[in-house]
Amino acid sequence: MTPGPIRLPRWPITRLKLLDMTPDQKGAPYAGAPVTLLQRDGFVEGRSLLWLGEPRRASGHLEESLDEHGQPALTISDPLFRALMPVDAPRPFVLAGFHMSFLRCVMGGPQDQPPYDLCLYRLARQRASWLRPCGLQESALELRTDLMTELTRDSPFLRLNCATALLETLLEWEPLNRLLVLSGNVVSPPPGEEEPFGQAAEWSCLPQGPAMLEE
């Protein structure tokens with residue numbers, strides 16, 4: 001039986017979590033590989049985004065487990081998962097990643113909750129159709145030329161800063177529930193050589209998201 005569409009509330013005021021996860025080493029990801037999670041919490045009111053506190057950093061590693069089909073799959077270690085998915089996480093709990101279709105598989109999480117996953121890559125390609133398929137930093141620089149210095153300055157939080165600028169820009173264009181609707185649509189995959197997890201076998205797979213409707 002095909003599930004019905006997910007109806008998204010307007011969320012005039014809500015919480016949001018922006019995150020980015022990267023491997024500490026180049027090459028294809030593998031069980032035991034160290035990874036770093038960067039995250040930042042925000043508070044959305046209408047199209048205004050207020051950041052709550054400073055960005056946070058957590059370290060962990062990838063582990064191999066069986067997916068829902070009994071096949072080997074990579075997941076993150078328990079301490080990193082607990083840092084990402086606290087038991088008191090507010091709903092809607094929006095994960096704003098660069099390539100959420102891939103990262104959600106690795107991060108796991110509750111599967112009985114609506115997929116409130118905001119994929120910045122898909123959104124940027126749809127709302128700014130002139131952008132070519134490119135990495136996170138280049139997408140942000142194309143849309144925020146006024147932040148050229150900030151988005152090229154070397155920093156442990158450089159990718160998160162790029163994602164912050166991209167998300168803030170997209171929220172100026174569309175309300176949160178509209179962004180989530182667009183985020184379920186398929187676009188061509190990002191080039192693997194331009195992204196940290198680009199050597200993963202699943203990287204080119206951007207499946208169609210669930211049907212979502214705005215209320």
# chains A, B, ... in the order shown; residues from 1 in each chain; ligands from 1
>>> select_by_dssp(residues="range 10-141 of chain A", states="strand (DSSP E)", output="NGL selection string")
:A and (13-23 or 34-45 or 48-66 or 72-76 or 95-97 or 117-119)
>>> write_last_selection(atoms="N, CA and C atoms", output="short mmCIF file (atom, residue, chain, number, x, y, z; two decimals), in the first residue's frame")
data_model
loop_
_atom_site.label_atom_id
_atom_site.label_comp_id
_atom_site.auth_asym_id
_atom_site.auth_seq_id
_atom_site.Cartn_x
_atom_site.Cartn_y
_atom_site.Cartn_z
N ILE A 13 6.86 29.18 14.18
CA ILE A 13 8.00 29.23 15.10
C ILE A 13 8.45 27.79 15.35
N THR A 14 9.72 27.51 15.17
CA THR A 14 10.19 26.14 15.40
C THR A 14 11.70 26.12 15.58
N ARG A 15 12.20 24.98 16.04
CA ARG A 15 13.65 24.76 16.17
C ARG A 15 14.18 24.10 14.93
N LEU A 16 15.47 24.25 14.70
CA LEU A 16 16.12 23.66 13.54
C LEU A 16 17.56 23.31 13.92
N LYS A 17 18.05 22.18 13.41
CA LYS A 17 19.43 21.79 13.64
C LYS A 17 20.16 21.73 12.30
N LEU A 18 21.24 22.47 12.20
CA LEU A 18 22.10 22.45 11.02
C LEU A 18 23.30 21.57 11.32
N LEU A 19 23.62 20.65 10.43
CA LEU A 19 24.74 19.76 10.71
C LEU A 19 25.56 19.46 9.46
N ASP A 20 26.77 19.03 9.72
CA ASP A 20 27.64 18.56 8.65
C ASP A 20 28.53 17.47 9.23
N MET A 21 28.65 16.36 8.53
CA MET A 21 29.50 15.26 8.97
C MET A 21 30.51 14.97 7.88
N THR A 22 31.77 14.86 8.25
CA THR A 22 32.83 14.61 7.28
C THR A 22 33.78 13.54 7.80
N PRO A 23 34.34 12.73 6.90
CA PRO A 23 35.37 11.78 7.32
C PRO A 23 36.67 12.52 7.57
N PRO A 34 37.46 7.33 11.21
CA PRO A 34 37.08 8.44 12.09
C PRO A 34 36.29 9.50 11.32
N VAL A 35 35.28 10.06 11.97
CA VAL A 35 34.46 11.10 11.36
C VAL A 35 34.24 12.22 12.38
N THR A 36 33.93 13.41 11.86
CA THR A 36 33.67 14.57 12.70
C THR A 36 32.28 15.12 12.40
N LEU A 37 31.55 15.42 13.43
CA LEU A 37 30.21 15.99 13.30
C LEU A 37 30.23 17.43 13.79
N LEU A 38 29.77 18.33 12.95
CA LEU A 38 29.60 19.73 13.32
C LEU A 38 28.10 20.03 13.33
N GLN A 39 27.65 20.77 14.32
CA GLN A 39 26.23 21.07 14.37
C GLN A 39 25.97 22.40 15.06
N ARG A 40 24.81 22.94 14.73
CA ARG A 40 24.40 24.22 15.32
C ARG A 40 22.88 24.27 15.37
N ASP A 41 22.35 24.73 16.47
CA ASP A 41 20.90 24.82 16.64
C ASP A 41 20.42 26.22 16.30
N GLY A 42 19.26 26.28 15.66
CA GLY A 42 18.67 27.55 15.32
C GLY A 42 17.22 27.62 15.70
N PHE A 43 16.69 28.81 15.68
CA PHE A 43 15.29 29.08 16.03
C PHE A 43 14.69 29.86 14.86
N VAL A 44 13.70 29.27 14.20
CA VAL A 44 13.10 29.87 13.01
C VAL A 44 11.76 30.49 13.37
N GLU A 45 11.60 31.76 13.02
CA GLU A 45 10.31 32.44 13.16
C GLU A 45 10.00 33.09 11.82
N SER A 48 12.86 34.34 9.43
CA SER A 48 14.02 34.81 10.19
C SER A 48 14.64 33.64 10.94
N LEU A 49 15.97 33.59 10.95
CA LEU A 49 16.69 32.50 11.59
C LEU A 49 17.63 33.07 12.64
N LEU A 50 17.42 32.67 13.88
CA LEU A 50 18.27 33.09 15.00
C LEU A 50 19.06 31.89 15.47
N TRP A 51 20.39 32.01 15.52
CA TRP A 51 21.22 30.90 15.96
C TRP A 51 21.32 30.89 17.47
N LEU A 52 21.20 29.71 18.06
CA LEU A 52 21.22 29.53 19.51
C LEU A 52 22.58 28.98 19.93
N GLY A 53 23.45 29.83 20.40
CA GLY A 53 24.77 29.38 20.82
C GLY A 53 25.73 29.22 19.66
N GLU A 54 26.93 28.75 20.00
CA GLU A 54 27.99 28.58 19.03
C GLU A 54 27.96 27.18 18.40
N PRO A 55 28.60 27.00 17.25
CA PRO A 55 28.70 25.66 16.65
C PRO A 55 29.40 24.69 17.60
N ARG A 56 29.02 23.41 17.50
CA ARG A 56 29.61 22.38 18.35
C ARG A 56 30.27 21.32 17.47
N ARG A 57 31.28 20.68 18.04
CA ARG A 57 32.06 19.68 17.31
C ARG A 57 32.12 18.40 18.12
N ALA A 58 31.91 17.25 17.46
CA ALA A 58 31.99 15.95 18.13
C ALA A 58 32.72 14.97 17.22
N SER A 59 33.48 14.08 17.81
CA SER A 59 34.24 13.09 17.05
C SER A 59 33.70 11.69 17.30
N GLY A 60 33.83 10.83 16.31
CA GLY A 60 33.40 9.44 16.44
C GLY A 60 33.96 8.63 15.29
N HIS A 61 33.32 7.52 14.99
CA HIS A 61 33.80 6.70 13.88
C HIS A 61 32.61 5.98 13.24
N LEU A 62 32.85 5.43 12.08
CA LEU A 62 31.83 4.66 11.37
C LEU A 62 31.87 3.21 11.84
N GLU A 63 30.71 2.59 11.89
CA GLU A 63 30.60 1.17 12.23
C GLU A 63 29.77 0.47 11.18
N GLU A 64 29.92 -0.84 11.10
CA GLU A 64 29.13 -1.61 10.14
C GLU A 64 28.04 -2.36 10.88
N SER A 65 26.82 -2.25 10.37
CA SER A 65 25.69 -2.98 10.94
C SER A 65 24.81 -3.44 9.79
N LEU A 66 23.71 -4.10 10.11
CA LEU A 66 22.79 -4.57 9.07
C LEU A 66 21.65 -3.57 8.92
N PRO A 72 24.81 -5.40 4.88
CA PRO A 72 25.78 -4.58 5.61
C PRO A 72 25.65 -3.11 5.22
N ALA A 73 25.73 -2.24 6.20
CA ALA A 73 25.61 -0.81 5.97
C ALA A 73 26.43 -0.06 7.01
N LEU A 74 26.94 1.08 6.65
CA LEU A 74 27.71 1.90 7.56
C LEU A 74 26.78 2.76 8.40
N THR A 75 27.10 2.88 9.68
CA THR A 75 26.38 3.78 10.58
C THR A 75 27.42 4.50 11.44
N ILE A 76 26.98 5.49 12.18
CA ILE A 76 27.91 6.18 13.07
C ILE A 76 27.91 5.51 14.44
N LEU A 95 16.99 18.05 10.04
CA LEU A 95 18.41 17.87 9.78
C LEU A 95 18.75 18.60 8.49
N ALA A 96 19.55 19.61 8.59
CA ALA A 96 19.90 20.38 7.40
C ALA A 96 21.31 20.04 6.98
N GLY A 97 21.45 19.05 6.11
CA GLY A 97 22.75 18.63 5.65
C GLY A 97 22.92 18.91 4.18
N ASP A 117 13.76 16.20 6.70
CA ASP A 117 15.16 16.34 6.30
C ASP A 117 15.30 17.44 5.26
N LEU A 118 16.05 18.44 5.59
CA LEU A 118 16.25 19.55 4.69
C LEU A 118 17.57 19.38 3.95
N CYS A 119 17.53 19.08 2.67
CA CYS A 119 18.74 18.82 1.89
C CYS A 119 19.14 20.08 1.14
#
>>> closest_atom_pairs(of="range 6-43 of chain A", to="range 178-194 of chain A", cutoff="10 Å", atoms="only C-alpha atoms", output="tab-separated table")
residue	atom	partner	partner_atom	distance
A:Ile6	CA	A:Val181	CA	9.5
A:Arg7	CA	A:Val181	CA	9.5
A:Leu8	CA	A:Val181	CA	8.3
A:Pro9	CA	A:Arg178	CA	10.0
A:Arg10	CA	A:Arg178	CA	8.7
A:Gly27	CA	A:Glu193	CA	9.8
>>> write_last_selection(atoms="N, CA, C and O atoms", output="short mmCIF file (atom, residue, chain, number, x, y, z; two decimals), in the first residue's frame")
data_model
loop_
_atom_site.label_atom_id
_atom_site.label_comp_id
_atom_site.auth_asym_id
_atom_site.auth_seq_id
_atom_site.Cartn_x
_atom_site.Cartn_y
_atom_site.Cartn_z
N ILE A 6 2.70 13.39 3.14
CA ILE A 6 2.92 13.96 4.46
C ILE A 6 2.53 15.43 4.42
O ILE A 6 3.05 16.19 3.60
N ARG A 7 1.60 15.81 5.28
CA ARG A 7 1.17 17.21 5.32
C ARG A 7 2.01 17.96 6.34
O ARG A 7 2.06 17.60 7.51
N LEU A 8 2.68 18.98 5.87
CA LEU A 8 3.59 19.73 6.72
C LEU A 8 2.89 20.94 7.35
O LEU A 8 2.22 21.70 6.65
N PRO A 9 3.02 21.13 8.65
CA PRO A 9 2.45 22.32 9.28
C PRO A 9 3.19 23.58 8.84
O PRO A 9 4.27 23.50 8.25
N ARG A 10 2.62 24.72 9.13
CA ARG A 10 3.25 25.98 8.71
C ARG A 10 4.48 26.30 9.54
O ARG A 10 5.38 26.99 9.09
N GLY A 27 39.22 9.33 0.72
CA GLY A 27 38.97 7.99 0.20
C GLY A 27 37.60 7.48 0.57
O GLY A 27 36.81 8.16 1.22
#
>>> atom_distance(atom1="CA of Pro79 in chain A", atom2="CA of Tyr121 in chain A")
27.1 Å
>>> atom_distance(atom1="CA of Arg122 in chain A", atom2="CA of Cys205 in chain A")
12.6 Å
>>> atom_distance(atom1="CA of Gly4 in chain A", atom2="CA of Gln208 in chain A")
14.6 Å
>>> residues_around(residues="Leu143 in chain A", least_positions_apart="2", cutoff="10 Å", atoms="only C-alpha atoms", output="ChimeraX atom specification")
/A:124,128,131,138-141,145-147,165-166,169-170
